[in-house]
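K.L.:
Take a look at query_36.txt, compact mmCIF, C-alpha atoms:
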# COMPACT_ATOMS: atom_id res chain seq x y z
CA MET R 1 107.50 84.51 122.76
CA LYS R 2 107.80 88.16 121.74
CA GLN R 3 105.23 89.93 119.61
CA VAL R 4 104.59 93.53 118.58
CA LEU R 5 101.25 94.91 119.79
CA ILE R 6 99.49 98.22 119.37
CA ASP R 7 96.92 99.16 122.02
CA ARG R 8 95.78 102.34 120.32
CA TYR R 9 96.23 104.10 117.01
CA GLY R 10 98.68 106.97 116.64
CA ALA R 11 102.33 107.72 115.88
CA PRO R 12 103.78 104.24 115.21
CA GLU R 13 106.84 104.63 117.43
CA GLU R 14 104.55 105.67 120.30
CA VAL R 15 101.78 103.08 120.01
CA ALA R 16 103.79 99.93 119.18
CA ARG R 17 105.38 97.84 121.93
CA CYS R 18 107.26 94.55 122.12
CA ALA R 19 105.24 92.25 124.42
CA ASP R 20 105.65 88.76 125.88
CA VAL R 21 102.75 86.56 124.77
CA PRO R 22 101.97 82.81 124.92
CA ASP R 23 103.69 80.59 122.36
CA VAL R 24 101.66 79.53 119.33
CA GLY R 25 101.91 75.83 120.22
CA ALA R 26 102.07 72.80 117.94
CA PRO R 27 100.39 72.73 114.53
CA ALA R 28 97.03 71.02 114.10
CA ALA R 29 96.18 69.08 110.97
CA GLY R 30 96.67 71.25 107.89
CA GLU R 31 98.72 73.85 109.79
CA VAL R 32 102.32 75.03 109.71
CA VAL R 33 104.44 76.60 112.47
CA PHE R 34 107.45 78.71 111.51
CA ASP R 35 109.96 81.00 113.19
CA VAL R 36 109.86 84.53 111.80
CA LEU R 37 113.39 85.40 110.70
CA LEU R 38 112.85 88.90 109.34
CA PHE R 39 110.00 91.25 108.58
CA PRO R 40 110.06 94.60 106.74
CA ILE R 41 108.29 97.79 107.77
CA ASN R 42 106.17 98.84 104.81
CA PRO R 43 104.17 102.05 104.33
CA ALA R 44 100.95 100.05 104.82
CA ASP R 45 102.24 98.86 108.21
CA VAL R 46 102.90 102.45 109.27
CA SER R 47 99.38 103.40 108.15
CA PHE R 48 98.02 100.41 110.08
CA CYS R 49 99.62 101.71 113.28
CA ARG R 50 98.27 105.19 112.63
CA GLY R 51 94.76 103.86 112.12
CA SER R 52 94.56 105.22 108.58
CA TYR R 53 94.79 101.84 106.83
CA ARG R 54 91.70 100.09 105.45
CA LEU R 55 91.91 97.47 108.22
CA ARG R 56 91.17 98.56 111.80
CA PRO R 57 90.97 95.37 113.88
CA THR R 58 89.92 95.18 117.50
CA LEU R 59 92.83 96.27 119.69
CA PRO R 60 95.30 95.15 120.85
CA ALA R 61 96.44 94.07 117.39
CA THR R 62 99.64 92.95 115.70
CA PRO R 63 100.79 94.65 112.47
CA GLY R 64 102.77 93.08 109.69
CA ALA R 65 101.71 92.15 106.17
CA GLU R 66 105.00 90.47 105.28
CA CYS R 67 107.77 88.27 106.64
CA VAL R 68 110.10 85.39 105.88
CA GLY R 69 110.28 82.39 108.17
CA ARG R 70 111.70 78.90 108.61
CA VAL R 71 109.32 76.02 109.19
CA THR R 72 109.70 74.23 112.53
CA ALA R 73 106.74 71.84 112.36
CA VAL R 74 103.87 70.83 110.07
CA GLY R 75 100.55 69.18 110.84
CA ALA R 76 99.03 66.15 109.20
CA GLY R 77 98.11 66.63 105.57
CA VAL R 78 100.73 69.29 104.81
CA SER R 79 103.04 68.09 102.06
CA HIS R 80 104.21 71.13 100.06
CA VAL R 81 106.53 72.37 102.85
CA GLY R 82 108.41 70.69 105.68
CA PRO R 83 110.65 71.49 108.67
CA GLY R 84 113.63 73.60 107.69
CA ASP R 85 111.98 75.11 104.62
CA LEU R 86 112.20 78.84 104.01
CA VAL R 87 108.70 80.28 103.55
CA ILE R 88 106.69 83.44 103.13
CA ASN R 89 103.24 83.83 104.65
CA LEU R 90 100.22 85.20 102.80
CA GLN R 91 98.48 86.26 106.02
CA ARG R 92 98.99 89.30 108.27
CA GLU R 93 100.04 89.74 111.93
CA ASN R 94 103.66 88.82 111.20
CA TRP R 95 105.48 91.10 113.64
CA THR R 96 106.21 88.26 116.03
CA GLN R 97 108.71 85.51 116.75
CA ARG R 98 106.54 82.60 115.63
CA ARG R 99 103.45 82.00 113.52
CA ARG R 100 100.97 79.13 113.29
CA VAL R 101 98.97 79.35 110.06
CA LYS R 102 97.06 77.24 107.56
CA GLY R 103 99.37 75.27 105.32
CA ASP R 104 97.89 76.83 102.19
CA ASP R 105 99.01 80.25 103.42
CA VAL R 106 102.74 79.50 103.26
CA ILE R 107 104.80 79.38 100.09
CA ALA R 108 108.26 77.84 99.92
CA LEU R 109 111.24 79.88 98.75
CA PRO R 110 114.62 78.63 97.48
CA ALA R 111 116.61 77.35 100.44
CA ARG R 112 119.66 79.54 99.85
CA MET R 113 117.87 82.79 99.13
CA ASP R 114 119.34 85.85 100.82
CA LEU R 115 117.16 86.33 103.88
CA ARG R 116 116.97 90.10 103.57
CA GLN R 117 115.65 89.83 100.04
CA ALA R 118 113.37 86.94 100.99
CA ALA R 119 111.75 89.13 103.65
CA MET R 120 110.61 91.51 100.90
CA VAL R 121 109.39 88.99 98.29
CA ARG R 122 105.79 88.70 99.44
CA ILE R 123 104.42 92.13 98.38
CA ASN R 124 106.59 94.39 96.26
CA PRO R 125 107.84 92.05 93.48
CA PRO R 126 104.38 90.64 92.59
CA THR R 127 102.91 94.13 92.86
CA ALA R 128 105.40 95.47 90.30
CA LEU R 129 104.86 92.44 88.06
CA LEU R 130 101.06 92.58 88.07
CA LEU R 131 100.96 96.34 87.62
CA LEU R 132 102.82 95.81 84.36
CA THR R 133 100.96 92.74 83.14
CA GLU R 134 97.37 92.90 84.42
CA ILE R 135 96.10 96.43 83.72
CA VAL R 136 96.96 97.32 80.12
CA ALA R 137 98.08 95.10 77.24
CA LEU R 138 101.54 96.50 76.57
CA ARG R 139 103.96 95.64 73.78
CA ALA R 140 107.72 96.01 73.51
CA GLY R 141 108.59 99.64 72.90
CA ASP R 142 105.60 101.03 74.84
CA TRP R 143 106.14 103.63 77.54
CA VAL R 144 105.10 103.39 81.19
CA ILE R 145 105.23 106.30 83.62
CA GLN R 146 105.44 105.96 87.40
CA ASN R 147 105.98 108.19 90.41
CA VAL R 148 107.74 107.16 93.63
CA ALA R 149 110.17 105.54 91.19
CA ASN R 150 112.88 105.14 93.83
CA SER R 151 110.62 103.03 96.07
CA ALA R 152 111.00 99.26 96.25
CA VAL R 153 108.07 98.74 93.88
CA GLY R 154 109.36 101.46 91.58
CA ARG R 155 112.83 99.96 91.30
CA LEU R 156 111.45 96.48 90.67
CA LEU R 157 109.06 97.84 88.04
CA ILE R 158 111.99 99.40 86.16
CA VAL R 159 113.79 96.04 86.01
CA LEU R 160 110.70 94.03 85.06
CA ALA R 161 109.72 96.57 82.40
CA LYS R 162 113.20 96.41 80.88
CA GLN R 163 112.93 92.61 80.66
CA ARG R 164 109.77 93.04 78.59
CA GLY R 165 111.20 95.66 76.26
CA LEU R 166 109.09 98.41 77.81
CA ARG R 167 110.41 101.92 78.35
CA THR R 168 109.91 103.78 81.62
CA VAL R 169 109.74 107.43 82.57
CA ASN R 170 110.32 107.69 86.29
CA VAL R 171 109.14 110.59 88.43
CA VAL R 172 111.12 111.36 91.59
CA ARG R 173 111.49 114.19 94.06
CA ARG R 174 115.30 114.40 93.95
CA ALA R 175 117.44 114.80 90.85
CA ASP R 176 120.33 112.92 92.46
CA LEU R 177 118.39 109.65 92.10
CA ALA R 178 118.73 109.67 88.31
CA GLY R 179 122.03 107.81 88.20
CA GLU R 180 121.03 104.84 90.32
CA LEU R 181 117.67 104.45 88.56
CA ALA R 182 119.39 104.63 85.18
CA ALA R 183 121.69 101.84 86.34
CA LEU R 184 118.59 99.69 86.90
CA GLY R 185 117.41 100.37 83.36
CA ALA R 186 115.31 103.53 83.66
CA ASP R 187 114.97 105.22 80.27
CA SER R 188 114.13 108.64 81.69
CA VAL R 189 114.08 110.22 85.15
CA VAL R 190 112.31 113.52 85.77
CA VAL R 191 111.76 115.55 88.93
CA ASP R 192 108.13 116.08 89.88
CA SER R 193 106.87 119.62 89.41
CA SER R 194 103.83 121.64 88.34
CA ASP R 195 104.89 121.34 84.68
CA LEU R 196 105.47 117.58 84.81
CA ALA R 197 103.54 116.93 81.58
CA ARG R 198 105.83 119.23 79.62
CA GLN R 199 108.94 117.60 81.07
CA VAL R 200 107.65 114.13 80.27
CA GLY R 201 106.73 115.16 76.73
CA GLU R 202 110.26 116.42 76.15
CA ALA R 203 111.82 113.31 77.69
CA THR R 204 109.77 110.85 75.64
CA GLY R 205 109.35 112.73 72.38
CA ASP R 206 105.65 113.18 73.14
CA ALA R 207 105.14 109.41 73.21
CA ARG R 208 101.67 107.96 73.78
CA ILE R 209 101.91 106.71 77.36
CA MET R 210 99.05 104.27 77.89
CA LEU R 211 99.89 103.17 81.44
CA GLY R 212 100.71 105.23 84.51
CA VAL R 213 101.48 103.84 87.97
CA GLU R 214 100.87 106.11 90.94
CA ALA R 215 101.39 105.78 94.70
CA ILE R 216 101.17 109.27 96.19
CA GLY R 217 97.60 110.49 95.82
CA GLY R 218 96.37 114.05 96.03
CA ALA R 219 97.58 116.49 93.36
CA ALA R 220 100.40 114.11 92.38
CA THR R 221 97.81 111.77 90.88
CA GLY R 222 96.52 114.60 88.73
CA ARG R 223 99.99 115.53 87.52
CA LEU R 224 100.57 111.97 86.38
CA ALA R 225 97.14 111.82 84.74
CA ASP R 226 98.13 114.86 82.67
CA CYS R 227 101.01 112.78 81.26
CA ILE R 228 98.82 109.86 80.20
CA ALA R 229 97.69 109.63 76.57
CA THR R 230 94.06 109.91 75.56
CA ASP R 231 92.23 106.68 76.53
CA GLY R 232 95.18 105.66 78.70
CA THR R 233 94.98 104.17 82.20
CA LEU R 234 96.36 105.42 85.49
CA VAL R 235 96.64 102.93 88.35
CA HIS R 236 96.54 104.18 91.95
CA TYR R 237 98.14 101.56 94.23
CA GLY R 238 99.20 103.62 97.25
CA SER R 239 98.67 106.95 98.97
CA MET R 240 101.88 108.19 100.55
CA SER R 241 100.30 111.63 100.98
CA GLY R 242 97.29 110.18 102.78
CA GLU R 243 95.07 112.05 100.33
CA ASP R 244 92.53 110.77 97.85
CA PRO R 245 93.53 111.14 94.18
CA LYS R 246 92.74 114.51 92.65
CA VAL R 247 92.29 114.40 88.88
CA THR R 248 90.65 117.09 86.77
CA ARG R 249 87.38 116.20 85.07
CA ASN R 250 88.95 117.27 81.75
CA ASN R 251 91.11 114.15 81.86
CA PHE R 252 88.05 111.96 82.31
CA ILE R 253 85.52 113.70 80.07
CA TYR R 254 87.56 115.03 77.16
CA ARG R 255 90.50 112.63 77.08
CA GLY R 256 88.95 109.42 78.38
CA VAL R 257 91.72 108.74 80.88
CA ARG R 258 90.76 105.86 83.18
CA LEU R 259 91.67 105.89 86.87
CA THR R 260 91.66 102.50 88.56
CA GLY R 261 93.08 100.94 91.70
CA PHE R 262 95.32 98.02 92.55
CA MET R 263 95.54 95.89 95.68
CA LEU R 264 97.73 92.81 95.54
CA GLY R 265 95.38 90.60 97.57
CA ARG R 266 92.48 91.33 95.23
CA PHE R 267 94.48 90.34 92.17
CA LEU R 268 95.96 87.21 93.77
CA ALA R 269 92.48 86.13 94.92
CA LYS R 270 91.58 85.59 91.26
CA ARG R 271 94.19 82.84 91.03
CA SER R 272 94.48 79.29 92.33
CA ALA R 273 97.03 78.28 94.97
CA GLU R 274 99.10 76.64 92.22
CA GLN R 275 99.08 79.80 90.11
CA ILE R 276 100.11 81.93 93.09
CA ARG R 277 102.96 79.56 93.90
CA ALA R 278 104.08 79.72 90.27
CA ILE R 279 104.25 83.53 90.42
CA TYR R 280 106.42 83.41 93.53
CA ALA R 281 108.55 80.60 92.13
CA ASP R 282 109.42 82.75 89.11
CA LEU R 283 110.11 85.79 91.27
CA GLY R 284 112.18 83.67 93.64
CA ARG R 285 114.35 82.45 90.77
CA GLN R 286 114.98 86.04 89.71
CA VAL R 287 115.94 87.05 93.24
CA MET R 288 118.33 84.09 93.42
CA ALA R 289 119.84 85.13 90.08
CA GLY R 290 120.34 88.68 91.35
CA THR R 291 117.97 90.10 88.75
CA LEU R 292 115.51 91.41 91.34
CA SER R 293 116.59 93.02 94.58
CA ALA R 294 115.72 95.89 96.88
CA PRO R 295 118.06 97.92 99.10
CA VAL R 296 118.04 97.51 102.87
CA ASP R 297 118.99 100.37 105.18
CA THR R 298 119.05 98.89 108.70
CA VAL R 299 118.02 95.73 110.57
CA TYR R 300 116.71 96.16 114.11
CA PRO R 301 115.97 93.54 116.80
CA ILE R 302 112.29 93.18 117.65
CA GLU R 303 112.93 94.65 121.11
CA ASN R 304 113.79 97.95 119.38
CA ILE R 305 110.58 98.13 117.38
CA LYS R 306 109.98 101.75 118.44
CA ASP R 307 113.35 102.83 117.04
CA ALA R 308 112.74 100.81 113.88
CA LEU R 309 109.36 102.47 113.30
CA ALA R 310 110.75 105.95 113.92
CA HIS R 311 113.51 105.25 111.37
CA ALA R 312 111.07 103.79 108.82
CA ASP R 313 108.89 106.90 109.05
CA LYS R 314 111.76 109.26 108.20
CA GLY R 315 112.76 110.40 104.75
CA GLY R 316 116.23 110.07 103.30
CA ARG R 317 116.65 106.35 104.01
CA ASN R 318 118.79 104.20 101.74
CA GLY R 319 116.41 101.26 101.65
CA LYS R 320 113.92 99.26 103.67
CA ILE R 321 113.93 98.95 107.45
CA LEU R 322 113.88 95.29 108.54
CA VAL R 323 113.31 93.73 111.96
CA SER R 324 114.82 90.47 113.20
CA PRO R 325 112.62 88.77 115.84
CA ASN R 326 114.82 85.72 116.56
CA GLY R 327 118.35 87.06 116.75
CA ALA R 328 120.76 88.71 114.36
CA ILE R 329 120.67 87.72 110.70
Turn the structure described in the file into structure tokens.
P.N.:
Amino acid sequence: MKQVLIDRYGAPEEVARCADVPDVGAPAAGEVVFDVLLFPINPADVSFCRGSYRLRPTLPATPGAECVGRVTAVGAGVSHVGPGDLVINLQRENWTQRRRVKGDDVIALPARMDLRQAAMVRINPPTALLLLTEIVALRAGDWVIQNVANSAVGRLLIVLAKQRGLRTVNVVRRADLAGELAALGADSVVVDSSDLARQVGEATGDARIMLGVEAIGGAATGRLADCIATDGTLVHYGSMSGEDPKVTRNNFIYRGVRLTGFMLGRFLAKRSAEQIRAIYADLGRQVMAGTLSAPVDTVYPIENIKDALAHADKGGRNGKILVSPNGAI
């Protein structure tokens, strides 16, 4: 079978290769085997290839935190999924044609879910949901501010916030994104700049913003912290700049702003398998209903992984880059 391997860390399109490796074989008791139908290239995957991600396994290694697959076989004792079921996998190393994993690590999705959307269910939708529900107790009418608002998480957060009666101010780098974010339900869209706090104050009527969501790092974190109300909370869940957050001590000492972090795995680990499945069942229903979705730019075959990674690492895309390991979708 084919599998993506990296033998060294560096520019993703240079270090990743599509290799022929032994098949995973039949499932043992408590295991599931599935064909990988699609996987997305996420920022964390790019960082993994570069060697700047928190995980640096022994090389060669296979990237891939996310995928959607179809079950081909199950071992004894597995009853919550069966052959033919559409599933997501909670484990990594998914840039491959087939996986053999513990049964508890796969979660069934609705059978008729759009495969492109299913490929992106594992990480971004629950991230957006938990960022809104697990950090600060918000009530209808409250404001939330986020940067990278045109990202997959950002777009999903806008929709989920609207469902809860929350209002969002969305920070972007390009003014031409305002229309499409407004169509999702964004209440305000502002372009990031050195006077961001003033812009946000004007856009929200100087509202008390108690929750900020941030995924850039560096000085961008500080600019968002300046927009947070006294005793508010800013959540850092990604670092597109590759820099640590930079926040002035005035925000901490004099205004009591709290800076915390979010990693999906850490928050899911607090829940039982049944609770995790319930989260994904609800999100799956919303995807099926068309309430939640994320744009896709291009789908590449696994053999063209270098081209896919080069495309994913460029700006100006119109959505996620997906890879199809087992033929066109």
K.L.:
For stretch 183-186 of chain R, find every residue with an atom within 10 Å (counting all atoms listed in the file), except residues of its own chain fewer than 5 positions away, and show them as a list of chain:residue names.
P.N.:
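That gives R:Ala149, R:Arg155, R:Leu156, R:Leu157, R:Ile158, R:Val159, R:Leu160, R:Ala161, R:Lys162, R:Gln163, R:Leu166, R:Arg167, R:Thr168, R:Val169, R:Asn170, R:Ala178, R:Thr291, R:Leu292.
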K.L.:
Could those selected residues go to a file with C-alpha atoms, as a JSON list (two decimals), in the coordinates of the input?
P.N.:
[["chain", "number", "residue", "atom", "x", "y", "z"],
["R", 149, "ALA", "CA", 110.17, 105.54, 91.19],
["R", 155, "ARG", "CA", 112.83, 99.96, 91.30],
["R", 156, "LEU", "CA", 111.45, 96.48, 90.67],
["R", 157, "LEU", "CA", 109.06, 97.84, 88.04],
["R", 158, "ILE", "CA", 111.99, 99.40, 86.16],
["R", 159, "VAL", "CA", 113.79, 96.04, 86.01],
["R", 160, "LEU", "CA", 110.70, 94.03, 85.06],
["R", 161, "ALA", "CA", 109.72, 96.57, 82.40],
["R", 162, "LYS", "CA", 113.20, 96.41, 80.88],
["R", 163, "GLN", "CA", 112.93, 92.61, 80.66],
["R", 166, "LEU", "CA", 109.09, 98.41, 77.81],
["R", 167, "ARG", "CA", 110.41, 101.92, 78.35],
["R", 168, "THR", "CA", 109.91, 103.78, 81.62],
["R", 169, "VAL", "CA", 109.74, 107.43, 82.57],
["R", 170, "ASN", "CA", 110.32, 107.69, 86.29],
["R", 178, "ALA", "CA", 118.73, 109.67, 88.31],
["R", 291, "THR", "CA", 117.97, 90.10, 88.75],
["R", 292, "LEU", "CA", 115.51, 91.41, 91.34]]
K.L.:
So which one's closest to R:Arg249, R:Ala225, R:Leu268, R:Leu131, R:Leu55? Using only C-alpha atoms, please.
P.N.:
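Of the candidates, the smallest distance to R:Arg249 is held by R:Ala225.
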K.L.:
Looking at all atoms listed in the file, which of R:Ala182, R:Leu259, R:Leu196, R:Ala269 is the one that sits closest to R:Met210?
P.N.:
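Of the candidates, the smallest distance to R:Met210 is held by R:Leu259.
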K.L.:
For stretch 36-45 of chain R, what centre and edge lengths in Å (one decimal) does the axis-aligned box get once 4 Å is added on each side of all its listed atoms, as lines of an AutoDock Vina configuration file?
P.N.:
center_x = 107.2
center_y = 93.3
center_z = 108.1
size_x = 20.4
size_y = 25.5
size_z = 15.5
K.L.:
Give as a list in words the set of residues within 6 Å of the point (100.3, 96.4, 83.6), where distances use the file's coordinates and all atoms listed in the file.
P.N.:
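Looking at atoms near the point gives Leu130, Leu131, Leu132, Thr133, Glu134, Ile135 and Val136 of chain R.
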K.L.:
Those selected residues, please, written with C-alpha atoms and delivered as a compact mmCIF listing (two decimals), in the frame of the given file.
P.N.:
# COMPACT_ATOMS: atom_id res chain seq x y z
CA LEU R 130 101.06 92.58 88.07
CA LEU R 131 100.96 96.34 87.62
CA LEU R 132 102.82 95.81 84.36
CA THR R 133 100.96 92.74 83.14
CA GLU R 134 97.37 92.90 84.42
CA ILE R 135 96.10 96.43 83.72
CA VAL R 136 96.96 97.32 80.12
K.L.:
Of the residues R:Lys246, R:Arg198, R:Arg122, R:Arg164, which is the one nearest to R:Asn42, using all atoms listed in the file?
P.N.:
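Closest to R:Asn42, using all atoms listed in the file: R:Arg122.
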K.L.:
Residues near R:Val172, anyone? I mean within 7 Å using all atoms listed in the file, not counting same-chain ones fewer than 6 positions away, as a PyMOL selection string.
P.N.:
chain R and resi 147-150+190-192
K.L.:
What's the 12 Å shell around R:Arg285, counting all atoms listed in the file, without same-chain residues fewer than 2 positions away, as a PDB file with C-alpha atoms, in the coordinates of the input?
P.N.:
ATOM      1  CA  ALA R 108     108.260  77.840  99.920  1.00  0.00           C
ATOM      2  CA  LEU R 109     111.240  79.880  98.750  1.00  0.00           C
ATOM      3  CA  PRO R 110     114.620  78.630  97.480  1.00  0.00           C
ATOM      4  CA  ALA R 111     116.610  77.350 100.440  1.00  0.00           C
ATOM      5  CA  ARG R 112     119.660  79.540  99.850  1.00  0.00           C
ATOM      6  CA  MET R 113     117.870  82.790  99.130  1.00  0.00           C
ATOM      7  CA  ASP R 114     119.340  85.850 100.820  1.00  0.00           C
ATOM      8  CA  GLN R 117     115.650  89.830 100.040  1.00  0.00           C
ATOM      9  CA  ALA R 118     113.370  86.940 100.990  1.00  0.00           C
ATOM     10  CA  VAL R 121     109.390  88.990  98.290  1.00  0.00           C
ATOM     11  CA  PRO R 125     107.840  92.050  93.480  1.00  0.00           C
ATOM     12  CA  ALA R 278     104.080  79.720  90.270  1.00  0.00           C
ATOM     13  CA  ILE R 279     104.250  83.530  90.420  1.00  0.00           C
ATOM     14  CA  TYR R 280     106.420  83.410  93.530  1.00  0.00           C
ATOM     15  CA  ALA R 281     108.550  80.600  92.130  1.00  0.00           C
ATOM     16  CA  ASP R 282     109.420  82.750  89.110  1.00  0.00           C
ATOM     17  CA  LEU R 283     110.110  85.790  91.270  1.00  0.00           C
ATOM     18  CA  VAL R 287     115.940  87.050  93.240  1.00  0.00           C
ATOM     19  CA  MET R 288     118.330  84.090  93.420  1.00  0.00           C
ATOM     20  CA  ALA R 289     119.840  85.130  90.080  1.00  0.00           C
ATOM     21  CA  GLY R 290     120.340  88.680  91.350  1.00  0.00           C
ATOM     22  CA  THR R 291     117.970  90.100  88.750  1.00  0.00           C
ATOM     23  CA  LEU R 292     115.510  91.410  91.340  1.00  0.00           C
ATOM     24  CA  SER R 293     116.590  93.020  94.580  1.00  0.00           C
TER      25      SER R 293
END
